[in-house]
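These notes concern the structure reproduced below.
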Amino acid sequence: MVEVKGESRRTFSVGEVAARAGVATSALRFYEANGLITSERSPAGHRRFHADVLRRVGFIKVAQRVGLSLGEISAALDSLPNGRTPNRRDWARLAASWRPVIDERIALLEAMKDKLDGCIGCGCLSLDTCALYNPDDGAAQHGAGPRFLLGDAPDT
């Protein structure tokens, strides 16, 4: 137990957090080294985590699974309070700020699914309507990456 502002809070070892969160201990050390989670050291020098780290690790796992970068995840976690367990209002604020990012990713995934399905199904019989065809590298003026799949229209 650790005393915080007159109350004692249970702490967990790295192995306990790993087991409860469903991640490897090396992942927890990586998250900590990158500032995504924090721990305290016991008198013997062992890592001890507070229970709120379980929610943070859960958030990290889901965010990584939907393709968010560690930088995006770190920025989101930095908006949560230090020194206390985030409450419902804290998480709601974070969720609201992520809604546009997630909506954009969903739209991109749906467009990609629709266009790739059509392209694979057509066998590229019509280069005039193919979302991947890029004669003379015309898409370069729109930026890097698969511009037509990202929503830019081919110049006609």
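Every chain in the structure tokens has a letter given in the order shown (A, B, ...), and although residue numbers restart at 1 in each chain, ligands are simply numbered from 1 in the order shown.
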Per-residue nearest contacts region 44-129 of chain A to region 11-25 of chain A, cut-off 12 Å, using only C-alpha atoms, as JSON lines:
```
{"residue": "A:Gly45", "atom": "CA", "partner": "A:Ser13", "partner_atom": "CA", "distance": 11.3}
{"residue": "A:His46", "atom": "CA", "partner": "A:Ser13", "partner_atom": "CA", "distance": 7.6}
{"residue": "A:Arg47", "atom": "CA", "partner": "A:Ser13", "partner_atom": "CA", "distance": 6.1}
{"residue": "A:Arg48", "atom": "CA", "partner": "A:Ser13", "partner_atom": "CA", "distance": 5.0}
{"residue": "A:Phe49", "atom": "CA", "partner": "A:Phe12", "partner_atom": "CA", "distance": 5.0}
{"residue": "A:His50", "atom": "CA", "partner": "A:Thr11", "partner_atom": "CA", "distance": 4.7}
{"residue": "A:Ala51", "atom": "CA", "partner": "A:Thr11", "partner_atom": "CA", "distance": 6.6}
{"residue": "A:Asp52", "atom": "CA", "partner": "A:Thr11", "partner_atom": "CA", "distance": 9.8}
{"residue": "A:Val53", "atom": "CA", "partner": "A:Val17", "partner_atom": "CA", "distance": 8.1}
{"residue": "A:Leu54", "atom": "CA", "partner": "A:Ala21", "partner_atom": "CA", "distance": 6.1}
{"residue": "A:Arg55", "atom": "CA", "partner": "A:Ala21", "partner_atom": "CA", "distance": 8.5}
{"residue": "A:Arg56", "atom": "CA", "partner": "A:Ala21", "partner_atom": "CA", "distance": 9.6}
{"residue": "A:Val57", "atom": "CA", "partner": "A:Ala21", "partner_atom": "CA", "distance": 6.7}
{"residue": "A:Gly58", "atom": "CA", "partner": "A:Ala21", "partner_atom": "CA", "distance": 6.7}
{"residue": "A:Phe59", "atom": "CA", "partner": "A:Ala21", "partner_atom": "CA", "distance": 10.4}
{"residue": "A:Ile60", "atom": "CA", "partner": "A:Ala21", "partner_atom": "CA", "distance": 10.6}
{"residue": "A:Lys61", "atom": "CA", "partner": "A:Val23", "partner_atom": "CA", "distance": 8.7}
{"residue": "A:Val62", "atom": "CA", "partner": "A:Ala21", "partner_atom": "CA", "distance": 11.6}
```
Within 9 Å of region 93-110 of chain A using only C-alpha atoms, minus same-chain residues under 4 positions, as a PDB file with N, CA and C atoms, in the first residue's frame:
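After the write, around_12.pdb holds the following:
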```
ATOM      1  N   VAL A  66      -6.590   0.319 -33.464  1.00  0.00           N
ATOM      2  CA  VAL A  66      -7.254   1.055 -34.540  1.00  0.00           C
ATOM      3  C   VAL A  66      -6.258   1.873 -35.371  1.00  0.00           C
ATOM      4  N   GLY A  67      -4.969   1.715 -35.089  1.00  0.00           N
ATOM      5  CA  GLY A  67      -3.949   2.307 -35.937  1.00  0.00           C
ATOM      6  C   GLY A  67      -3.438   3.669 -35.530  1.00  0.00           C
ATOM      7  N   ALA A  76      -2.973  12.217 -26.190  1.00  0.00           N
ATOM      8  CA  ALA A  76      -4.273  12.003 -25.547  1.00  0.00           C
ATOM      9  C   ALA A  76      -4.086  11.734 -24.058  1.00  0.00           C
ATOM     10  N   LEU A  77      -3.161  10.860 -23.713  1.00  0.00           N
ATOM     11  CA  LEU A  77      -2.937  10.532 -22.307  1.00  0.00           C
ATOM     12  C   LEU A  77      -2.396  11.731 -21.535  1.00  0.00           C
ATOM     13  N   SER A  79      -3.429  14.606 -21.769  1.00  0.00           N
ATOM     14  CA  SER A  79      -4.559  15.470 -21.412  1.00  0.00           C
ATOM     15  C   SER A  79      -5.262  14.994 -20.143  1.00  0.00           C
ATOM     16  N   LEU A  80      -4.917  13.807 -19.676  1.00  0.00           N
ATOM     17  CA  LEU A  80      -5.511  13.286 -18.443  1.00  0.00           C
ATOM     18  C   LEU A  80      -4.740  13.810 -17.239  1.00  0.00           C
ATOM     19  N   ARG A  88     -14.897  10.131 -14.910  1.00  0.00           N
ATOM     20  CA  ARG A  88     -15.749  10.003 -16.086  1.00  0.00           C
ATOM     21  C   ARG A  88     -15.651  11.255 -16.973  1.00  0.00           C
ATOM     22  N   ARG A  89     -15.626  12.426 -16.356  1.00  0.00           N
ATOM     23  CA  ARG A  89     -15.546  13.673 -17.115  1.00  0.00           C
ATOM     24  C   ARG A  89     -14.233  13.758 -17.897  1.00  0.00           C
ATOM     25  N   ASP A 114     -14.366  -0.070 -50.197  1.00  0.00           N
ATOM     26  CA  ASP A 114     -15.218   0.022 -51.381  1.00  0.00           C
ATOM     27  C   ASP A 114     -14.395   0.083 -52.661  1.00  0.00           C
ATOM     28  N   LYS A 115     -13.365   0.901 -52.666  1.00  0.00           N
ATOM     29  CA  LYS A 115     -12.564   1.066 -53.884  1.00  0.00           C
ATOM     30  C   LYS A 115     -11.695  -0.150 -54.176  1.00  0.00           C
ATOM     31  N   LEU A 149      -7.062   6.867 -53.672  1.00  0.00           N
ATOM     32  CA  LEU A 149      -7.704   6.075 -52.616  1.00  0.00           C
ATOM     33  C   LEU A 149      -7.995   6.934 -51.390  1.00  0.00           C
ATOM     34  N   LEU A 150      -7.208   7.993 -51.200  1.00  0.00           N
ATOM     35  CA  LEU A 150      -7.418   8.889 -50.060  1.00  0.00           C
ATOM     36  C   LEU A 150      -8.504   9.925 -50.319  1.00  0.00           C
ATOM     37  N   GLY A 151      -9.069   9.912 -51.525  1.00  0.00           N
ATOM     38  CA  GLY A 151     -10.206  10.777 -51.795  1.00  0.00           C
ATOM     39  C   GLY A 151      -9.974  11.881 -52.798  1.00  0.00           C
TER      40      GLY A 151
END
```
Step one, run DSSP on the backbone; step two, keep only residues of region 50-122 of chain A assigned to helix (DSSP H, G or I); then write them as a PyMOL selection string.
chain A and resi 52-65+70-78+88-122
